[in-house]
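Shown here: protein26.pdb, PDB, C-alpha atoms.
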MODEL        1
ATOM      1  CA  MET A 170      67.900 -62.501 -29.402  1.00  0.00           C
ATOM      2  CA  LYS A 171      71.005 -61.656 -27.382  1.00  0.00           C
ATOM      3  CA  TYR A 172      70.300 -57.949 -27.924  1.00  0.00           C
ATOM      4  CA  LEU A 173      66.678 -58.341 -26.762  1.00  0.00           C
ATOM      5  CA  THR A 174      67.769 -60.181 -23.588  1.00  0.00           C
ATOM      6  CA  ALA A 175      70.331 -57.482 -22.752  1.00  0.00           C
ATOM      7  CA  LEU A 176      67.741 -54.744 -23.362  1.00  0.00           C
ATOM      8  CA  THR A 177      65.132 -56.494 -21.200  1.00  0.00           C
ATOM      9  CA  PHE A 178      67.672 -56.953 -18.396  1.00  0.00           C
ATOM     10  CA  SER A 179      68.671 -53.259 -18.596  1.00  0.00           C
ATOM     11  CA  LEU A 180      65.053 -52.087 -18.456  1.00  0.00           C
ATOM     12  CA  LEU A 181      64.315 -54.415 -15.554  1.00  0.00           C
ATOM     13  CA  LEU A 182      67.336 -53.079 -13.681  1.00  0.00           C
ATOM     14  CA  VAL A 183      66.178 -49.478 -14.178  1.00  0.00           C
ATOM     15  CA  VAL A 184      62.603 -50.241 -13.073  1.00  0.00           C
ATOM     16  CA  VAL A 185      63.731 -52.162  -9.991  1.00  0.00           C
ATOM     17  CA  SER A 186      66.325 -49.595  -8.892  1.00  0.00           C
ATOM     18  CA  PHE A 187      64.171 -46.498  -9.489  1.00  0.00           C
ATOM     19  CA  PRO A 188      61.858 -46.745  -6.440  1.00  0.00           C
ATOM     20  CA  VAL A 189      64.804 -47.473  -4.153  1.00  0.00           C
ATOM     21  CA  SER A 190      66.480 -44.204  -5.052  1.00  0.00           C
ATOM     22  CA  ALA A 191      66.135 -41.425  -2.452  1.00  0.00           C
ATOM     23  CA  THR A 192      67.521 -38.677  -4.635  1.00  0.00           C
ATOM     24  CA  ASN A 193      65.918 -35.952  -6.666  1.00  0.00           C
ATOM     25  CA  ALA A 194      66.584 -35.162 -10.347  1.00  0.00           C
ATOM     26  CA  TYR A 195      69.880 -33.505  -9.393  1.00  0.00           C
ATOM     27  CA  GLY A 196      71.147 -36.519  -7.435  1.00  0.00           C
ATOM     28  CA  VAL A 197      70.732 -34.752  -4.076  1.00  0.00           C
ATOM     29  CA  SER A 198      69.375 -36.768  -1.161  1.00  0.00           C
ATOM     30  CA  GLN A 199      66.033 -35.554   0.187  1.00  0.00           C
ATOM     31  CA  LYS A 200      64.758 -35.722   3.771  1.00  0.00           C
ATOM     32  CA  VAL A 201      61.284 -37.056   4.419  1.00  0.00           C
ATOM     33  CA  ARG A 202      59.299 -34.066   5.689  1.00  0.00           C
ATOM     34  CA  ARG A 203      55.736 -33.678   6.883  1.00  0.00           C
ATOM     35  CA  ALA A 204      53.585 -30.643   7.464  1.00  0.00           C
ATOM     36  CA  ILE A 205      51.334 -28.837   9.882  1.00  0.00           C
ATOM     37  CA  SER A 206      48.773 -26.570   8.276  1.00  0.00           C
ATOM     38  CA  GLY A 207      45.579 -24.801   9.225  1.00  0.00           C
ATOM     39  CA  ARG A 208      43.482 -21.667   9.252  1.00  0.00           C
ATOM     40  CA  ILE A 209      43.215 -18.860  11.800  1.00  0.00           C
ATOM     41  CA  THR A 210      39.845 -17.170  12.424  1.00  0.00           C
ATOM     42  CA  ASP A 211      38.174 -15.000  15.056  1.00  0.00           C
ATOM     43  CA  PRO A 212      35.051 -16.126  16.995  1.00  0.00           C
ATOM     44  CA  ASN A 213      32.807 -14.780  14.201  1.00  0.00           C
ATOM     45  CA  GLY A 214      34.612 -16.792  11.532  1.00  0.00           C
ATOM     46  CA  ALA A 215      36.489 -13.819  10.050  1.00  0.00           C
ATOM     47  CA  LEU A 216      39.973 -14.628   8.787  1.00  0.00           C
ATOM     48  CA  VAL A 217      42.906 -13.482  10.899  1.00  0.00           C
ATOM     49  CA  VAL A 218      45.613 -12.284   8.508  1.00  0.00           C
ATOM     50  CA  ALA A 219      49.299 -11.967   9.525  1.00  0.00           C
ATOM     51  CA  ALA A 220      48.912 -13.890  12.787  1.00  0.00           C
ATOM     52  CA  LYS A 221      52.246 -15.133  14.132  1.00  0.00           C
ATOM     53  CA  ILE A 222      52.468 -18.934  14.316  1.00  0.00           C
ATOM     54  CA  THR A 223      55.364 -20.277  16.412  1.00  0.00           C
ATOM     55  CA  ILE A 224      56.023 -24.014  16.156  1.00  0.00           C
ATOM     56  CA  VAL A 225      58.486 -25.633  18.598  1.00  0.00           C
ATOM     57  CA  GLY A 226      59.622 -29.259  18.384  1.00  0.00           C
ATOM     58  CA  ARG A 227      59.699 -30.963  21.777  1.00  0.00           C
ATOM     59  CA  SER A 228      62.522 -33.396  20.959  1.00  0.00           C
ATOM     60  CA  SER A 229      64.451 -31.423  18.372  1.00  0.00           C
ATOM     61  CA  HIS A 230      63.890 -27.976  19.969  1.00  0.00           C
ATOM     62  CA  THR A 231      63.508 -26.695  16.418  1.00  0.00           C
ATOM     63  CA  THR A 232      61.584 -23.416  16.185  1.00  0.00           C
ATOM     64  CA  VAL A 233      59.713 -22.394  13.046  1.00  0.00           C
ATOM     65  CA  VAL A 234      57.904 -19.059  12.801  1.00  0.00           C
ATOM     66  CA  LYS A 235      55.239 -18.448  10.146  1.00  0.00           C
ATOM     67  CA  LYS A 236      52.584 -15.810   9.412  1.00  0.00           C
ATOM     68  CA  SER A 237      49.050 -16.547   8.286  1.00  0.00           C
ATOM     69  CA  ASP A 238      48.433 -15.464   4.701  1.00  0.00           C
ATOM     70  CA  ALA A 239      45.610 -13.412   3.158  1.00  0.00           C
ATOM     71  CA  LYS A 240      43.296 -16.428   3.535  1.00  0.00           C
ATOM     72  CA  GLY A 241      44.207 -16.853   7.212  1.00  0.00           C
ATOM     73  CA  GLN A 242      46.132 -20.029   6.352  1.00  0.00           C
ATOM     74  CA  TYR A 243      49.600 -21.287   7.245  1.00  0.00           C
ATOM     75  CA  VAL A 244      51.763 -24.268   6.268  1.00  0.00           C
ATOM     76  CA  ALA A 245      55.006 -25.424   7.866  1.00  0.00           C
ATOM     77  CA  ASP A 246      57.106 -28.316   6.538  1.00  0.00           C
ATOM     78  CA  LEU A 247      58.606 -30.196   9.466  1.00  0.00           C
ATOM     79  CA  GLU A 248      60.540 -33.272  10.483  1.00  0.00           C
ATOM     80  CA  PRO A 249      58.605 -35.944  12.418  1.00  0.00           C
ATOM     81  CA  ASP A 250      58.315 -34.871  16.113  1.00  0.00           C
ATOM     82  CA  THR A 251      55.752 -33.603  18.630  1.00  0.00           C
ATOM     83  CA  TYR A 252      55.199 -29.865  18.281  1.00  0.00           C
ATOM     84  CA  ASP A 253      53.719 -27.083  20.405  1.00  0.00           C
ATOM     85  CA  VAL A 254      51.960 -24.610  18.101  1.00  0.00           C
ATOM     86  CA  THR A 255      51.238 -21.097  19.411  1.00  0.00           C
ATOM     87  CA  VAL A 256      49.228 -18.535  17.464  1.00  0.00           C
ATOM     88  CA  ALA A 257      49.367 -14.869  18.504  1.00  0.00           C
ATOM     89  CA  MET A 258      47.978 -11.640  17.089  1.00  0.00           C
ATOM     90  CA  SER A 259      47.660  -8.177  18.556  1.00  0.00           C
ATOM     91  CA  GLY A 260      44.214  -7.712  20.093  1.00  0.00           C
ATOM     92  CA  PHE A 261      43.630 -11.454  20.521  1.00  0.00           C
ATOM     93  CA  LYS A 262      44.438 -13.967  23.252  1.00  0.00           C
ATOM     94  CA  ALA A 263      47.252 -16.321  22.230  1.00  0.00           C
ATOM     95  CA  ALA A 264      46.282 -19.963  21.713  1.00  0.00           C
ATOM     96  CA  THR A 265      48.573 -22.998  22.096  1.00  0.00           C
ATOM     97  CA  ARG A 266      47.974 -26.624  21.131  1.00  0.00           C
ATOM     98  CA  SER A 267      50.150 -29.680  20.602  1.00  0.00           C
ATOM     99  CA  THR A 268      50.271 -32.159  17.760  1.00  0.00           C
ATOM    100  CA  GLY A 269      52.426 -34.987  16.515  1.00  0.00           C
ATOM    101  CA  VAL A 270      53.875 -35.070  13.033  1.00  0.00           C
ATOM    102  CA  PHE A 271      54.665 -38.596  11.949  1.00  0.00           C
ATOM    103  CA  ARG A 272      55.995 -40.284   8.844  1.00  0.00           C
ATOM    104  CA  GLY A 273      53.242 -40.528   6.269  1.00  0.00           C
ATOM    105  CA  SER A 274      50.963 -38.036   8.028  1.00  0.00           C
ATOM    106  CA  ARG A 275      49.854 -34.426   7.811  1.00  0.00           C
ATOM    107  CA  SER A 276      48.453 -32.458  10.760  1.00  0.00           C
ATOM    108  CA  TYR A 277      45.677 -29.903  10.335  1.00  0.00           C
ATOM    109  CA  MET A 278      45.305 -27.400  13.161  1.00  0.00           C
ATOM    110  CA  ASP A 279      42.731 -24.646  12.807  1.00  0.00           C
ATOM    111  CA  PHE A 280      42.667 -21.985  15.523  1.00  0.00           C
ATOM    112  CA  VAL A 281      39.892 -19.648  16.675  1.00  0.00           C
ATOM    113  CA  LEU A 282      41.468 -16.661  18.423  1.00  0.00           C
ATOM    114  CA  ASN A 283      39.351 -15.044  21.130  1.00  0.00           C
ATOM    115  CA  ILE A 284      39.288 -11.282  21.505  1.00  0.00           C
ATOM    116  CA  GLY A 285      41.789 -10.138  24.107  1.00  0.00           C
ATOM    117  CA  ASP A 286      41.924  -7.049  26.309  1.00  0.00           C
ATOM    118  CA  PRO A 287      39.346  -4.469  25.049  1.00  0.00           C
ATOM    119  CA  VAL A 288      42.042  -1.757  25.109  1.00  0.00           C
ATOM    120  CA  ASN A 289      44.050  -3.770  22.578  1.00  0.00           C
ATOM    121  CA  ALA A 290      41.085  -5.211  20.691  1.00  0.00           C
ATOM    122  CA  PRO A 291      41.300  -4.849  16.925  1.00  0.00           C
ATOM    123  CA  ARG A 292      39.246  -2.069  15.390  1.00  0.00           C
ATOM    124  CA  VAL A 293      37.017  -2.801  12.447  1.00  0.00           C
ATOM    125  CA  VAL A 294      37.150   0.066   9.984  1.00  0.00           C
ATOM    126  CA  PRO A 295      34.124   0.289   7.644  1.00  0.00           C
TER     127      PRO A 295
ENDMDL
END
What is this file in structure tokens?
Amino acid sequence: MKYLTALTFSLLLVVVSFPVSATNAYGVSQKVRRAISGRITDPNGALVVAAKITIVGRSSHTTVVKKSDAKGQYVADLEPDTYDVTVAMSGFKAATRSTGVFRGSRSYMDFVLNIGDPVNAPRVVP
């Protein structure tokens, strides 16, 4: 009986202390991070690949630079803050929008890039 009580107490202690822990499997503390993600397209809905996405935190002044992937998508893991997100690509007009990233949230920001100066407009090769 004494053994069963000690075992029950040990299991209860493990279960109660587990959710409180803020460490990973290696015992290293982890920061709570959130993300901004989205897709970049042109006015016709075609994916814009390798667009430069610049994300600047207003309070932290942190700058993160990403490129859209082969699906026109991007993801940036960020600390909670308000961010200015600018998307630029040769041949297109740059677009900027703002969003807040808060604890327990995820921001989705899709961009439609308008064609820029005709001299620098992208060529479609058949």
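Residues selected in this file by the PyMOL selection byres ((chain A and resi 214) around 12) comprise Arg208, Ile209, Thr210, Asp211, Pro212, Asn213, Ala215, Leu216, Val217, Lys240, Gly241, Asp279, Phe280, Val281, Leu282 and Asn283 of chain A.
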Handout entry: Hits from the PyMOL selection byres ((chain A and resi 233) around 6), listed as a PyMOL selection string
Key = chain A and resi 223-224+232+234
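The two atoms in question, CA of Gly285 in chain A and CA of Ala204 in chain A, are spaced 28.9 Å apart.
Between CA of Arg227 in chain A and CA of Ile284 in chain A the separation is 28.4 Å.
Straight-line separation from CA of Phe271 in chain A to CA of Ala219 in chain A: 27.3 Å.
Comparing A:Lys221, A:Arg275, A:His230, A:Lys262 by their smallest distance to Tyr243 in chain A, the closest is A:Lys221 (using all atoms listed in the file).
With only C-alpha atoms as the atoms that count, the residue of A:Thr268, A:Ser229, A:Ser276, A:Ser206 with the shortest distance to Tyr252 in chain A is A:Thr268.
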Would you give the centre and edge lengths, in Å to one decimal, of a box along x, y and z around the listed atoms of range 246-249 of chain A, with 5 Å added to each side, as AutoDock Vina command-line options?
--center_x 58.8 --center_y -32.1 --center_z 9.5 --size_x 13.4 --size_y 17.6 --size_z 15.9
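With all atoms listed in the file as the basis for measurement, A:Val254 is the residue among A:Met278, A:Ile205, A:Leu247, A:Val254 that approaches Arg266 in chain A most closely.
Closest approach to Val225 in chain A among A:Met258, A:Ala263, A:Thr251, A:Ser274: A:Thr251, based on all atoms listed in the file.
Using all atoms listed in the file, the shortest contact distance between Gly273 in chain A and any of A:Gly260, A:Gly226, A:Pro249, A:Gly207 is found at A:Pro249.
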With distances taken over all atoms listed in the file, the candidate from A:Tyr277, A:Gly269, A:Arg203, A:Phe261 nearest Asp246 in chain A is A:Arg203
